[in-house]
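File shown here: protein38.cif, holding mmCIF, C-alpha atoms, pLDDT in the B column; chains and numbers go by the auth columns.
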data_coords
#
loop_
_atom_site.group_PDB
_atom_site.id
_atom_site.type_symbol
_atom_site.label_atom_id
_atom_site.label_comp_id
_atom_site.label_asym_id
_atom_site.label_seq_id
_atom_site.Cartn_x
_atom_site.Cartn_y
_atom_site.Cartn_z
_atom_site.B_iso_or_equiv
_atom_site.auth_seq_id
_atom_site.auth_asym_id
ATOM 1 C CA MET A 1 55.459 -53.366 35.828 58.00 1 T
ATOM 2 C CA LYS A 2 58.891 -52.470 37.256 62.00 2 T
ATOM 3 C CA PRO A 3 59.282 -48.681 37.256 63.00 3 T
ATOM 4 C CA THR A 4 62.391 -47.146 35.770 71.00 4 T
ATOM 5 C CA ARG A 5 65.049 -45.838 38.210 79.00 5 T
ATOM 6 C CA VAL A 6 65.312 -42.684 36.143 84.00 6 T
ATOM 7 C CA THR A 7 63.477 -39.837 37.842 88.00 7 T
ATOM 8 C CA ASN A 8 62.480 -36.586 36.231 92.00 8 T
ATOM 9 C CA ARG A 9 61.379 -33.031 36.979 94.00 9 T
ATOM 10 C CA ILE A 10 59.064 -32.615 34.014 95.00 10 T
ATOM 11 C CA ARG A 11 56.061 -31.772 36.192 94.00 11 T
ATOM 12 C CA ALA A 12 57.995 -29.037 38.037 94.00 12 T
ATOM 13 C CA LEU A 13 59.415 -27.698 34.778 95.00 13 T
ATOM 14 C CA ARG A 14 55.932 -27.580 33.223 95.00 14 T
ATOM 15 C CA ASP A 15 54.663 -25.641 36.219 94.00 15 T
ATOM 16 C CA ALA A 16 57.607 -23.260 35.923 93.00 16 T
ATOM 17 C CA HIS A 17 56.763 -22.655 32.256 92.00 17 T
ATOM 18 C CA GLU A 18 53.464 -20.865 32.805 89.00 18 T
ATOM 19 C CA GLY A 19 51.700 -24.040 33.812 90.00 19 T
ATOM 20 C CA MET A 20 52.352 -25.804 30.528 94.00 20 T
ATOM 21 C CA THR A 21 49.939 -28.729 30.208 95.00 21 T
ATOM 22 C CA GLN A 22 50.894 -32.287 29.318 94.00 22 T
ATOM 23 C CA GLY A 23 49.005 -31.797 26.051 92.00 23 T
ATOM 24 C CA GLN A 24 51.009 -28.686 25.159 94.00 24 T
ATOM 25 C CA LEU A 25 54.285 -30.466 25.865 95.00 25 T
ATOM 26 C CA ALA A 26 53.077 -33.449 23.839 94.00 26 T
ATOM 27 C CA ASP A 27 52.231 -31.141 20.926 92.00 27 T
ATOM 28 C CA ALA A 28 55.694 -29.569 21.089 94.00 28 T
ATOM 29 C CA LEU A 29 57.294 -33.013 20.900 94.00 29 T
ATOM 30 C CA GLY A 30 54.846 -34.627 18.476 91.00 30 T
ATOM 31 C CA VAL A 31 53.910 -37.404 20.902 93.00 31 T
ATOM 32 C CA THR A 32 50.703 -38.328 22.717 91.00 32 T
ATOM 33 C CA ARG A 33 49.670 -36.792 26.039 92.00 33 T
ATOM 34 C CA GLN A 34 49.607 -40.335 27.439 91.00 34 T
ATOM 35 C CA THR A 35 53.312 -40.700 26.669 93.00 35 T
ATOM 36 C CA ILE A 36 54.142 -37.512 28.588 95.00 36 T
ATOM 37 C CA ASN A 37 52.042 -38.765 31.495 93.00 37 T
ATOM 38 C CA ALA A 38 53.802 -42.157 31.388 91.00 38 T
ATOM 39 C CA ILE A 39 57.253 -40.495 31.389 92.00 39 T
ATOM 40 C CA GLU A 40 56.326 -38.224 34.309 93.00 40 T
ATOM 41 C CA GLN A 41 55.128 -41.204 36.344 89.00 41 T
ATOM 42 C CA GLY A 42 58.198 -43.304 35.551 87.00 42 T
ATOM 43 C CA LYS A 43 56.175 -45.840 33.577 87.00 43 T
ATOM 44 C CA TYR A 44 58.095 -45.249 30.375 88.00 44 T
ATOM 45 C CA SER A 45 61.733 -44.402 29.692 88.00 45 T
ATOM 46 C CA PRO A 46 61.968 -42.072 26.701 90.00 46 T
ATOM 47 C CA SER A 47 64.622 -42.520 24.057 89.00 47 T
ATOM 48 C CA LEU A 48 67.768 -40.456 24.423 91.00 48 T
ATOM 49 C CA GLU A 49 66.627 -38.344 21.485 92.00 49 T
ATOM 50 C CA MET A 50 63.254 -37.599 23.074 93.00 50 T
ATOM 51 C CA ALA A 51 64.960 -36.821 26.388 94.00 51 T
ATOM 52 C CA PHE A 52 67.086 -34.184 24.638 95.00 52 T
ATOM 53 C CA GLN A 53 63.983 -32.814 22.899 95.00 53 T
ATOM 54 C CA ILE A 54 62.194 -32.459 26.243 96.00 54 T
ATOM 55 C CA ALA A 55 65.179 -30.627 27.725 96.00 55 T
ATOM 56 C CA ARG A 56 65.274 -28.332 24.694 96.00 56 T
ATOM 57 C CA VAL A 57 61.585 -27.440 25.055 96.00 57 T
ATOM 58 C CA PHE A 58 62.306 -26.230 28.604 95.00 58 T
ATOM 59 C CA GLY A 59 65.633 -24.654 27.611 95.00 59 T
ATOM 60 C CA VAL A 60 67.628 -26.558 30.240 95.00 60 T
ATOM 61 C CA ALA A 61 70.379 -29.190 30.323 94.00 61 T
ATOM 62 C CA LEU A 62 69.442 -32.863 30.134 94.00 62 T
ATOM 63 C CA ASP A 63 70.427 -33.562 33.742 92.00 63 T
ATOM 64 C CA GLU A 64 68.113 -30.819 34.934 93.00 64 T
ATOM 65 C CA VAL A 65 65.223 -32.861 33.539 94.00 65 T
ATOM 66 C CA PHE A 66 66.314 -36.447 34.189 94.00 66 T
ATOM 67 C CA GLN A 67 68.228 -37.833 37.140 91.00 67 T
ATOM 68 C CA TYR A 68 69.662 -41.250 37.907 86.00 68 T
ATOM 69 C CA PRO A 69 70.346 -42.315 41.534 80.00 69 T
ATOM 70 C CA GLU A 70 73.936 -42.541 42.759 79.00 70 T
ATOM 71 C CA GLY A 71 75.291 -46.104 42.698 70.00 71 T
ATOM 72 C CA GLY A 72 72.611 -47.082 40.202 54.00 72 T
ATOM 73 C CA ALA A 73 74.952 -48.443 37.548 56.00 73 T
ATOM 74 C CA MET B 1 42.545 -42.913 26.127 81.00 74 W
ATOM 75 C CA SER B 2 45.000 -42.806 23.232 82.00 75 W
ATOM 76 C CA PHE B 3 44.184 -43.908 19.699 85.00 76 W
ATOM 77 C CA GLU B 4 46.273 -47.083 20.058 87.00 77 W
ATOM 78 C CA HIS B 5 44.737 -47.875 23.456 89.00 78 W
ATOM 79 C CA ARG B 6 41.267 -47.570 21.922 90.00 79 W
ATOM 80 C CA GLY B 7 42.436 -49.690 18.993 91.00 80 W
ATOM 81 C CA ALA B 8 43.480 -52.450 21.377 93.00 81 W
ATOM 82 C CA TRP B 9 40.000 -52.513 22.911 95.00 82 W
ATOM 83 C CA ILE B 10 38.474 -52.653 19.415 94.00 83 W
ATOM 84 C CA GLN B 11 40.728 -55.580 18.480 94.00 84 W
ATOM 85 C CA LEU B 12 39.801 -57.423 21.668 96.00 85 W
ATOM 86 C CA ALA B 13 36.059 -56.838 21.247 96.00 86 W
ATOM 87 C CA VAL B 14 36.058 -57.763 17.545 96.00 87 W
ATOM 88 C CA THR B 15 38.115 -60.933 18.096 96.00 88 W
ATOM 89 C CA VAL B 16 35.961 -62.162 20.981 97.00 89 W
ATOM 90 C CA GLY B 17 32.747 -61.189 19.191 96.00 90 W
ATOM 91 C CA ALA B 18 33.729 -62.845 15.918 96.00 91 W
ATOM 92 C CA TYR B 19 34.783 -66.103 17.581 97.00 92 W
ATOM 93 C CA ALA B 20 31.634 -66.171 19.714 97.00 93 W
ATOM 94 C CA ALA B 21 29.535 -65.678 16.566 96.00 94 W
ATOM 95 C CA TYR B 22 31.472 -68.449 14.797 96.00 95 W
ATOM 96 C CA LEU B 23 30.940 -70.920 17.643 96.00 96 W
ATOM 97 C CA THR B 24 27.262 -70.013 17.941 96.00 97 W
ATOM 98 C CA LEU B 25 26.639 -70.558 14.229 96.00 98 W
ATOM 99 C CA LEU B 26 28.763 -73.738 14.183 95.00 99 W
ATOM 100 C CA PHE B 27 26.937 -75.362 17.084 94.00 100 W
ATOM 101 C CA GLY B 28 23.646 -74.211 15.574 94.00 101 W
ATOM 102 C CA ARG B 29 24.503 -75.977 12.323 93.00 102 W
ATOM 103 C CA ALA B 30 25.678 -79.114 14.108 91.00 103 W
ATOM 104 C CA ASP B 31 22.367 -79.238 15.962 89.00 104 W
ATOM 105 C CA GLY B 32 23.688 -81.791 18.434 88.00 105 W
ATOM 106 C CA GLY B 33 25.389 -83.914 15.755 88.00 106 W
ATOM 107 C CA PRO B 34 29.122 -84.554 15.367 90.00 107 W
ATOM 108 C CA LEU B 35 31.031 -81.272 14.861 90.00 108 W
ATOM 109 C CA GLU B 36 33.575 -82.762 12.442 88.00 109 W
ATOM 110 C CA GLN B 37 30.776 -83.506 9.955 90.00 110 W
ATOM 111 C CA THR B 38 29.446 -79.951 10.103 92.00 111 W
ATOM 112 C CA PRO B 39 30.310 -77.567 7.214 93.00 112 W
ATOM 113 C CA TYR B 40 32.642 -74.971 8.689 94.00 113 W
ATOM 114 C CA GLY B 41 34.774 -73.507 5.884 94.00 114 W
ATOM 115 C CA ASP B 42 32.431 -70.658 4.980 95.00 115 W
ATOM 116 C CA LEU B 43 31.968 -69.763 8.659 95.00 116 W
ATOM 117 C CA ILE B 44 35.723 -69.432 9.175 95.00 117 W
ATOM 118 C CA ALA B 45 36.056 -67.357 5.987 95.00 118 W
ATOM 119 C CA TRP B 46 33.232 -65.035 7.074 94.00 119 W
ATOM 120 C CA MET B 47 34.610 -64.800 10.588 95.00 120 W
ATOM 121 C CA ILE B 48 38.119 -63.810 9.474 94.00 121 W
ATOM 122 C CA GLY B 49 36.946 -61.524 6.672 94.00 122 W
ATOM 123 C CA GLY B 50 34.195 -59.969 8.753 94.00 123 W
ATOM 124 C CA SER B 51 36.430 -59.290 11.742 94.00 124 W
ATOM 125 C CA ILE B 52 39.019 -57.591 9.521 94.00 125 W
ATOM 126 C CA VAL B 53 36.372 -55.372 7.877 96.00 126 W
ATOM 127 C CA VAL B 54 34.602 -54.525 11.165 95.00 127 W
ATOM 128 C CA GLY B 55 37.933 -53.803 12.867 93.00 128 W
ATOM 129 C CA ILE B 56 38.971 -51.423 10.074 93.00 129 W
ATOM 130 C CA LEU B 57 35.586 -49.675 10.042 94.00 130 W
ATOM 131 C CA LEU B 58 35.546 -49.191 13.832 93.00 131 W
ATOM 132 C CA THR B 59 39.106 -47.845 13.745 90.00 132 W
ATOM 133 C CA ILE B 60 38.156 -45.374 10.992 90.00 133 W
ATOM 134 C CA VAL B 61 35.011 -44.239 12.813 90.00 134 W
ATOM 135 C CA THR B 62 36.792 -43.736 16.153 88.00 135 W
ATOM 136 C CA GLY B 63 39.624 -41.971 14.310 85.00 136 W
ATOM 137 C CA ILE B 64 37.167 -39.530 12.703 86.00 137 W
ATOM 138 C CA PHE B 65 35.706 -38.582 16.080 84.00 138 W
ATOM 139 C CA ALA B 66 39.081 -38.503 17.861 79.00 139 W
ATOM 140 C CA GLY B 67 40.375 -35.394 16.070 77.00 140 W
ATOM 141 C CA GLU B 68 43.926 -34.778 14.896 76.00 141 W
ATOM 142 C CA ARG B 69 45.516 -34.899 18.356 76.00 142 W
ATOM 143 C CA GLY B 70 43.510 -37.974 19.304 77.00 143 W
ATOM 144 C CA ARG B 71 44.751 -39.897 16.246 82.00 144 W
ATOM 145 C CA ARG B 72 48.394 -39.300 17.075 84.00 145 W
ATOM 146 C CA THR B 73 50.647 -42.314 17.647 86.00 146 W
ATOM 147 C CA ASP B 74 54.259 -42.199 18.758 89.00 147 W
ATOM 148 C CA VAL B 75 57.362 -44.183 19.594 89.00 148 W
ATOM 149 C CA ARG B 76 55.867 -45.483 22.855 91.00 149 W
ATOM 150 C CA ASP B 77 52.828 -46.852 20.997 91.00 150 W
ATOM 151 C CA ARG B 78 55.128 -48.552 18.499 91.00 151 W
ATOM 152 C CA ALA B 79 57.167 -50.108 21.315 90.00 152 W
ATOM 153 C CA ILE B 80 53.979 -51.403 22.955 92.00 153 W
ATOM 154 C CA ASN B 81 52.686 -52.769 19.646 92.00 154 W
ATOM 155 C CA ARG B 82 55.991 -54.539 18.983 92.00 155 W
ATOM 156 C CA LEU B 83 56.012 -56.212 22.398 92.00 156 W
ATOM 157 C CA SER B 84 52.339 -57.195 22.232 93.00 157 W
ATOM 158 C CA ASP B 85 52.830 -58.629 18.733 93.00 158 W
ATOM 159 C CA GLN B 86 55.551 -60.862 20.179 92.00 159 W
ATOM 160 C CA VAL B 87 53.085 -62.091 22.811 90.00 160 W
ATOM 161 C CA GLY B 88 50.503 -62.811 20.111 92.00 161 W
ATOM 162 C CA ALA B 89 52.974 -64.507 17.768 94.00 162 W
ATOM 163 C CA SER B 90 53.775 -67.169 20.343 92.00 163 W
ATOM 164 C CA PHE B 91 50.148 -68.312 20.303 93.00 164 W
ATOM 165 C CA VAL B 92 50.080 -68.514 16.507 94.00 165 W
ATOM 166 C CA ILE B 93 53.069 -70.853 16.801 95.00 166 W
ATOM 167 C CA ILE B 94 51.322 -72.909 19.493 94.00 167 W
ATOM 168 C CA GLY B 95 48.256 -73.204 17.227 94.00 168 W
ATOM 169 C CA ALA B 96 50.435 -74.248 14.281 95.00 169 W
ATOM 170 C CA VAL B 97 52.285 -76.865 16.336 96.00 170 W
ATOM 171 C CA GLY B 98 48.963 -78.180 17.632 95.00 171 W
ATOM 172 C CA ALA B 99 47.636 -78.400 14.067 95.00 172 W
ATOM 173 C CA MET B 100 50.793 -80.207 12.920 96.00 173 W
ATOM 174 C CA ILE B 101 50.410 -82.787 15.697 97.00 174 W
ATOM 175 C CA LEU B 102 46.762 -83.299 14.742 96.00 175 W
ATOM 176 C CA ALA B 103 47.788 -83.728 11.083 96.00 176 W
ATOM 177 C CA ILE B 104 50.403 -86.328 12.052 96.00 177 W
ATOM 178 C CA LEU B 105 47.711 -88.157 14.004 96.00 178 W
ATOM 179 C CA GLU B 106 45.506 -87.950 10.876 95.00 179 W
ATOM 180 C CA VAL B 107 42.508 -86.522 12.657 95.00 180 W
ATOM 181 C CA GLU B 108 39.637 -84.856 10.770 93.00 181 W
ATOM 182 C CA HIS B 109 40.446 -81.649 8.851 94.00 182 W
ATOM 183 C CA PHE B 110 37.828 -79.919 10.992 95.00 183 W
ATOM 184 C CA TRP B 111 39.973 -80.202 14.122 96.00 184 W
ATOM 185 C CA ILE B 112 43.150 -79.129 12.309 96.00 185 W
ATOM 186 C CA ALA B 113 41.457 -76.019 10.915 96.00 186 W
ATOM 187 C CA ASN B 114 39.969 -75.188 14.283 95.00 187 W
ATOM 188 C CA ALA B 115 43.290 -75.635 16.086 95.00 188 W
ATOM 189 C CA ILE B 116 44.820 -73.066 13.722 95.00 189 W
ATOM 190 C CA LEU B 117 41.808 -70.784 14.150 96.00 190 W
ATOM 191 C CA LEU B 118 42.037 -71.055 17.937 96.00 191 W
ATOM 192 C CA GLY B 119 45.703 -70.058 17.694 95.00 192 W
ATOM 193 C CA PHE B 120 44.710 -66.933 15.733 95.00 193 W
ATOM 194 C CA VAL B 121 41.976 -66.094 18.221 96.00 194 W
ATOM 195 C CA ALA B 122 44.246 -66.610 21.247 96.00 195 W
ATOM 196 C CA SER B 123 46.895 -64.500 19.534 95.00 196 W
ATOM 197 C CA GLY B 124 44.421 -61.683 18.883 95.00 197 W
ATOM 198 C CA ILE B 125 42.992 -61.751 22.394 96.00 198 W
ATOM 199 C CA LEU B 126 46.302 -61.965 24.249 96.00 199 W
ATOM 200 C CA SER B 127 48.126 -59.415 22.117 95.00 200 W
ATOM 201 C CA SER B 128 45.304 -56.916 22.594 96.00 201 W
ATOM 202 C CA ILE B 129 45.255 -57.596 26.362 96.00 202 W
ATOM 203 C CA ALA B 130 49.029 -57.099 26.441 94.00 203 W
ATOM 204 C CA ARG B 131 48.599 -53.780 24.596 94.00 204 W
ATOM 205 C CA ILE B 132 45.914 -52.628 27.018 95.00 205 W
ATOM 206 C CA VAL B 133 47.983 -53.616 30.067 93.00 206 W
ATOM 207 C CA MET B 134 51.108 -51.867 28.766 91.00 207 W
ATOM 208 C CA GLN B 135 49.123 -48.765 27.794 90.00 208 W
ATOM 209 C CA ARG B 136 47.754 -48.591 31.333 89.00 209 W
ATOM 210 C CA THR B 137 50.674 -49.734 33.493 86.00 210 W
ATOM 211 C CA GLY B 138 53.764 -48.960 31.432 82.00 211 W
ATOM 212 C CA VAL B 139 56.308 -50.432 29.071 80.00 212 W
ATOM 213 C CA PRO B 140 58.922 -52.834 30.495 74.00 213 W
ATOM 214 C CA SER B 141 62.083 -50.782 30.947 64.00 214 W
ATOM 215 C CA TRP B 142 65.235 -51.646 29.051 52.00 215 W
#
For this file, produce the structure as structure tokens.
Amino acid sequence: MKPTRVTNRIRALRDAHEGMTQGQLADALGVTRQTINAIEQGKYSPSLEMAFQIARVFGVALDEVFQYPEGGA
Amino acid sequence: MSFEHRGAWIQLAVTVGAYAAYLTLLFGRADGGPLEQTPYGDLIAWMIGGSIVVGILLTIVTGIFAGERGRRTDVRDRAINRLSDQVGASFVIIGAVGAMILAILEVEHFWIANAILLGFVASGILSSIARIVMQRTGVPSW
């Protein structure tokens, strides 16, 4: 399966938030832990709405969570 | 393993098990004779009905033991289910086209019914495999 070019810092942000687990983040978003794991590993691109929800959980801007490589358009 | 991932394994096991049971009973009835002269209607009805009931019961039982968090499904599961249903639907169409060709050729009803049934079985098996693969390796990116 071709991985998405979107990268993310969810793992680092979880660690920075008192070692938040994937399950705790999943509970906050109302999704499965497997979905959080898939997003972290680049196996699933979340919807724009879920991306904003993830950023809101960590209290940061969207581009502090998700990045897209230069010249990737 | 998520609820939907487990559900895909249940669908695969039930589909394979039900079709294997059908073939075993059918060949047992035929007892070496011609298959097209073997009564098959009740076997197909029991196979389809039984697999639906067993699938529902297994899903309920695994859901009870999974707990609230374990029963959760989300937008990723729905995306996977939609894509895997598309994979399965193509085999229903193939089975229907095969049955139509057999009808045009005026072959025995037995073969027409079994072509349709094989389409259902292939659809069930391949859609559940597609679900399992996407649950494990990821959803194709848009």
CA of Tyr92 in chain W to CA of Ser196 in chain W, distance in Å rounded to a single decimal: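 Taking CA of Tyr92 in chain W as the start and CA of Ser196 in chain W as the end point, the length is 12.4 Å.
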Counting all atoms listed in the file, the option among T:Ala16, T:Glu49, T:Pro69, T:Thr4 closest to chain W: T:Thr4
Expected answer as a list in words: chain W residues within 7 Å of chain T, only C-alpha atoms: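 Matching residues, ligands excluded from the count: Ser75, Arg145, Thr146, Asp147, Arg149, Thr210, Gly211, Val212, Pro213 and Ser214 of chain W.
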Minimum-distance residue to Arg204 in chain W, chosen among W:Tyr95, W:Phe164, W:Trp82, W:Phe76 (using only C-alpha atoms):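 Using only C-alpha atoms, the shortest distance to Arg204 in chain W belongs to W:Trp82.
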Spatial neighbours of range 151-157 of chain W, max dist 10 Å, all atoms listed in the file, sep filter under 6 positions, as a PyMOL selection string: chain W and resi 77-78+81+196-197+199-208+211-213
Residues within 8 Å of range 100-115 of chain W, all atoms listed in the file, excluding chain neighbours under 5 positions, as a PDB file with C-alpha atoms, keeping the file's coordinate frame:
ATOM      1  CA  GLU W 181      39.637 -84.856  10.770  1.00 93.00           C
ATOM      2  CA  HIS W 182      40.446 -81.649   8.851  1.00 94.00           C
ATOM      3  CA  PHE W 183      37.828 -79.919  10.992  1.00 95.00           C
ATOM      4  CA  TRP W 184      39.973 -80.202  14.122  1.00 96.00           C
TER       5      TRP W 184
END
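For Arg14 in chain T, the list of residues within 10 Å, based on all atoms listed in the file and with local chain neighbours fewer than 6 positions off taken out, reads Met20, Thr21, Gln22, Gln24, Leu25, Val57 and Phe58 of chain T.
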Keeping C-alpha atoms, export the residues of the selection given above as a compact mmCIF listing (two decimals), keeping the file's coordinate frame.
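out.txt was written with the following content:
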# COMPACT_ATOMS: atom_id res chain seq x y z
CA MET T 20 52.35 -25.80 30.53
CA THR T 21 49.94 -28.73 30.21
CA GLN T 22 50.89 -32.29 29.32
CA GLN T 24 51.01 -28.69 25.16
CA LEU T 25 54.28 -30.47 25.86
CA VAL T 57 61.58 -27.44 25.06
CA PHE T 58 62.31 -26.23 28.60
Atom-to-atom span, CA of Leu175 in chain W and CA of Ala188 in chain W, Å: 8.5 Å
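Atom to atom, CA of Ile83 in chain W and CA of Thr132 in chain W stand 7.5 Å apart.
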Distance query Gly59 in chain T at most 12 Å, all atoms listed in the file, self and fewer than 6 positions along chain excluded, as a ChimeraX atom specification: /T:13-14,16-17,52-53,65
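For the choices W:Ala139, W:Ile198, W:Ala94, W:Leu190, the atom-to-atom distance to Ile167 in chain W is smallest for W:Leu190 when using all atoms listed in the file.
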Distance criterion (all atoms listed in the file): nearest to Glu70 in chain T out of T:Ala12, T:Val6, T:Ile54, T:Ala28: T:Val6
Could you list, as a short mmCIF file (atom, residue, chain, number, x, y, z; two decimals) with C-alpha atoms, in the frame of the given file, every residue matched by the PyMOL selection byres ((chain W and resi 120) around 12) in this structure?
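Ended up saving to result.cif:
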data_model
loop_
_atom_site.label_atom_id
_atom_site.label_comp_id
_atom_site.auth_asym_id
_atom_site.auth_seq_id
_atom_site.Cartn_x
_atom_site.Cartn_y
_atom_site.Cartn_z
CA VAL W 87 36.06 -57.76 17.55
CA THR W 88 38.12 -60.93 18.10
CA VAL W 89 35.96 -62.16 20.98
CA GLY W 90 32.75 -61.19 19.19
CA ALA W 91 33.73 -62.84 15.92
CA TYR W 92 34.78 -66.10 17.58
CA ALA W 93 31.63 -66.17 19.71
CA ALA W 94 29.54 -65.68 16.57
CA TYR W 95 31.47 -68.45 14.80
CA LEU W 96 30.94 -70.92 17.64
CA THR W 97 27.26 -70.01 17.94
CA LEU W 98 26.64 -70.56 14.23
CA LEU W 99 28.76 -73.74 14.18
CA TYR W 113 32.64 -74.97 8.69
CA GLY W 114 34.77 -73.51 5.88
CA ASP W 115 32.43 -70.66 4.98
CA LEU W 116 31.97 -69.76 8.66
CA ILE W 117 35.72 -69.43 9.18
CA ALA W 118 36.06 -67.36 5.99
CA TRP W 119 33.23 -65.04 7.07
CA ILE W 121 38.12 -63.81 9.47
CA GLY W 122 36.95 -61.52 6.67
CA GLY W 123 34.20 -59.97 8.75
CA SER W 124 36.43 -59.29 11.74
CA ILE W 125 39.02 -57.59 9.52
CA VAL W 126 36.37 -55.37 7.88
CA VAL W 127 34.60 -54.52 11.16
CA GLY W 128 37.93 -53.80 12.87
CA LEU W 190 41.81 -70.78 14.15
CA PHE W 193 44.71 -66.93 15.73
CA VAL W 194 41.98 -66.09 18.22
#
Residue contacts of Gly168 in chain W (7 Å, all atoms listed in the file) excluding same-chain residues fewer than 6 positions away, as a list in words: Ala188, Ile189, Leu191 and Gly192 of chain W
Residue nearest Val170 in chain W - candidates W:Val148, W:Ile185, W:Ala86, W:Leu130, atoms counted: all atoms listed in the file: W:Ile185
Chain and number of each residue from the PyMOL selection byres ((chain T and resi 64) around 10), as a PyMOL selection string: chain T and resi 8-10+13+55+58-63+65-67
Could you model N, CA and C atoms for range 79-96 of chain W and present them as a PDB file, in the coordinates of the input?
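Saved to selection-v3.pdb:
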ATOM      1  N   ARG W  79      42.628 -47.307  22.394  1.00 90.00           N
ATOM      2  CA  ARG W  79      41.267 -47.570  21.922  1.00 90.00           C
ATOM      3  C   ARG W  79      41.290 -48.683  20.869  1.00 90.00           C
ATOM      4  N   GLY W  80      42.309 -48.658  20.024  1.00 91.00           N
ATOM      5  CA  GLY W  80      42.436 -49.690  18.993  1.00 91.00           C
ATOM      6  C   GLY W  80      42.599 -51.081  19.583  1.00 91.00           C
ATOM      7  N   ALA W  81      43.297 -51.154  20.718  1.00 93.00           N
ATOM      8  CA  ALA W  81      43.480 -52.450  21.377  1.00 93.00           C
ATOM      9  C   ALA W  81      42.145 -52.987  21.896  1.00 93.00           C
ATOM     10  N   TRP W  82      41.334 -52.090  22.442  1.00 95.00           N
ATOM     11  CA  TRP W  82      40.000 -52.513  22.911  1.00 95.00           C
ATOM     12  C   TRP W  82      39.133 -52.964  21.735  1.00 95.00           C
ATOM     13  N   ILE W  83      39.236 -52.266  20.612  1.00 94.00           N
ATOM     14  CA  ILE W  83      38.474 -52.653  19.415  1.00 94.00           C
ATOM     15  C   ILE W  83      38.903 -54.041  18.954  1.00 94.00           C
ATOM     16  N   GLN W  84      40.221 -54.272  18.910  1.00 94.00           N
ATOM     17  CA  GLN W  84      40.728 -55.580  18.480  1.00 94.00           C
ATOM     18  C   GLN W  84      40.227 -56.688  19.402  1.00 94.00           C
ATOM     19  N   LEU W  85      40.255 -56.423  20.701  1.00 96.00           N
ATOM     20  CA  LEU W  85      39.801 -57.423  21.668  1.00 96.00           C
ATOM     21  C   LEU W  85      38.313 -57.716  21.480  1.00 96.00           C
ATOM     22  N   ALA W  86      37.509 -56.662  21.378  1.00 96.00           N
ATOM     23  CA  ALA W  86      36.059 -56.838  21.247  1.00 96.00           C
ATOM     24  C   ALA W  86      35.709 -57.548  19.938  1.00 96.00           C
ATOM     25  N   VAL W  87      36.361 -57.164  18.851  1.00 96.00           N
ATOM     26  CA  VAL W  87      36.058 -57.763  17.545  1.00 96.00           C
ATOM     27  C   VAL W  87      36.470 -59.236  17.527  1.00 96.00           C
ATOM     28  N   THR W  88      37.635 -59.540  18.088  1.00 96.00           N
ATOM     29  CA  THR W  88      38.115 -60.933  18.096  1.00 96.00           C
ATOM     30  C   THR W  88      37.181 -61.823  18.911  1.00 96.00           C
ATOM     31  N   VAL W  89      36.852 -61.366  20.120  1.00 97.00           N
ATOM     32  CA  VAL W  89      35.961 -62.162  20.981  1.00 97.00           C
ATOM     33  C   VAL W  89      34.584 -62.289  20.338  1.00 97.00           C
ATOM     34  N   GLY W  90      34.071 -61.179  19.811  1.00 96.00           N
ATOM     35  CA  GLY W  90      32.747 -61.189  19.191  1.00 96.00           C
ATOM     36  C   GLY W  90      32.689 -62.097  17.973  1.00 96.00           C
ATOM     37  N   ALA W  91      33.719 -62.034  17.144  1.00 96.00           N
ATOM     38  CA  ALA W  91      33.729 -62.845  15.918  1.00 96.00           C
ATOM     39  C   ALA W  91      33.815 -64.337  16.253  1.00 96.00           C
ATOM     40  N   TYR W  92      34.646 -64.685  17.236  1.00 97.00           N
ATOM     41  CA  TYR W  92      34.783 -66.103  17.581  1.00 97.00           C
ATOM     42  C   TYR W  92      33.511 -66.620  18.253  1.00 97.00           C
ATOM     43  N   ALA W  93      32.898 -65.782  19.073  1.00 97.00           N
ATOM     44  CA  ALA W  93      31.634 -66.171  19.714  1.00 97.00           C
ATOM     45  C   ALA W  93      30.558 -66.398  18.646  1.00 97.00           C
ATOM     46  N   ALA W  94      30.519 -65.523  17.646  1.00 96.00           N
ATOM     47  CA  ALA W  94      29.535 -65.678  16.566  1.00 96.00           C
ATOM     48  C   ALA W  94      29.801 -66.960  15.783  1.00 96.00           C
ATOM     49  N   TYR W  95      31.091 -67.229  15.525  1.00 96.00           N
ATOM     50  CA  TYR W  95      31.472 -68.449  14.797  1.00 96.00           C
ATOM     51  C   TYR W  95      31.005 -69.698  15.551  1.00 96.00           C
ATOM     52  N   LEU W  96      31.316 -69.738  16.852  1.00 96.00           N
ATOM     53  CA  LEU W  96      30.940 -70.920  17.643  1.00 96.00           C
ATOM     54  C   LEU W  96      29.427 -71.075  17.716  1.00 96.00           C
TER      55      LEU W  96
END
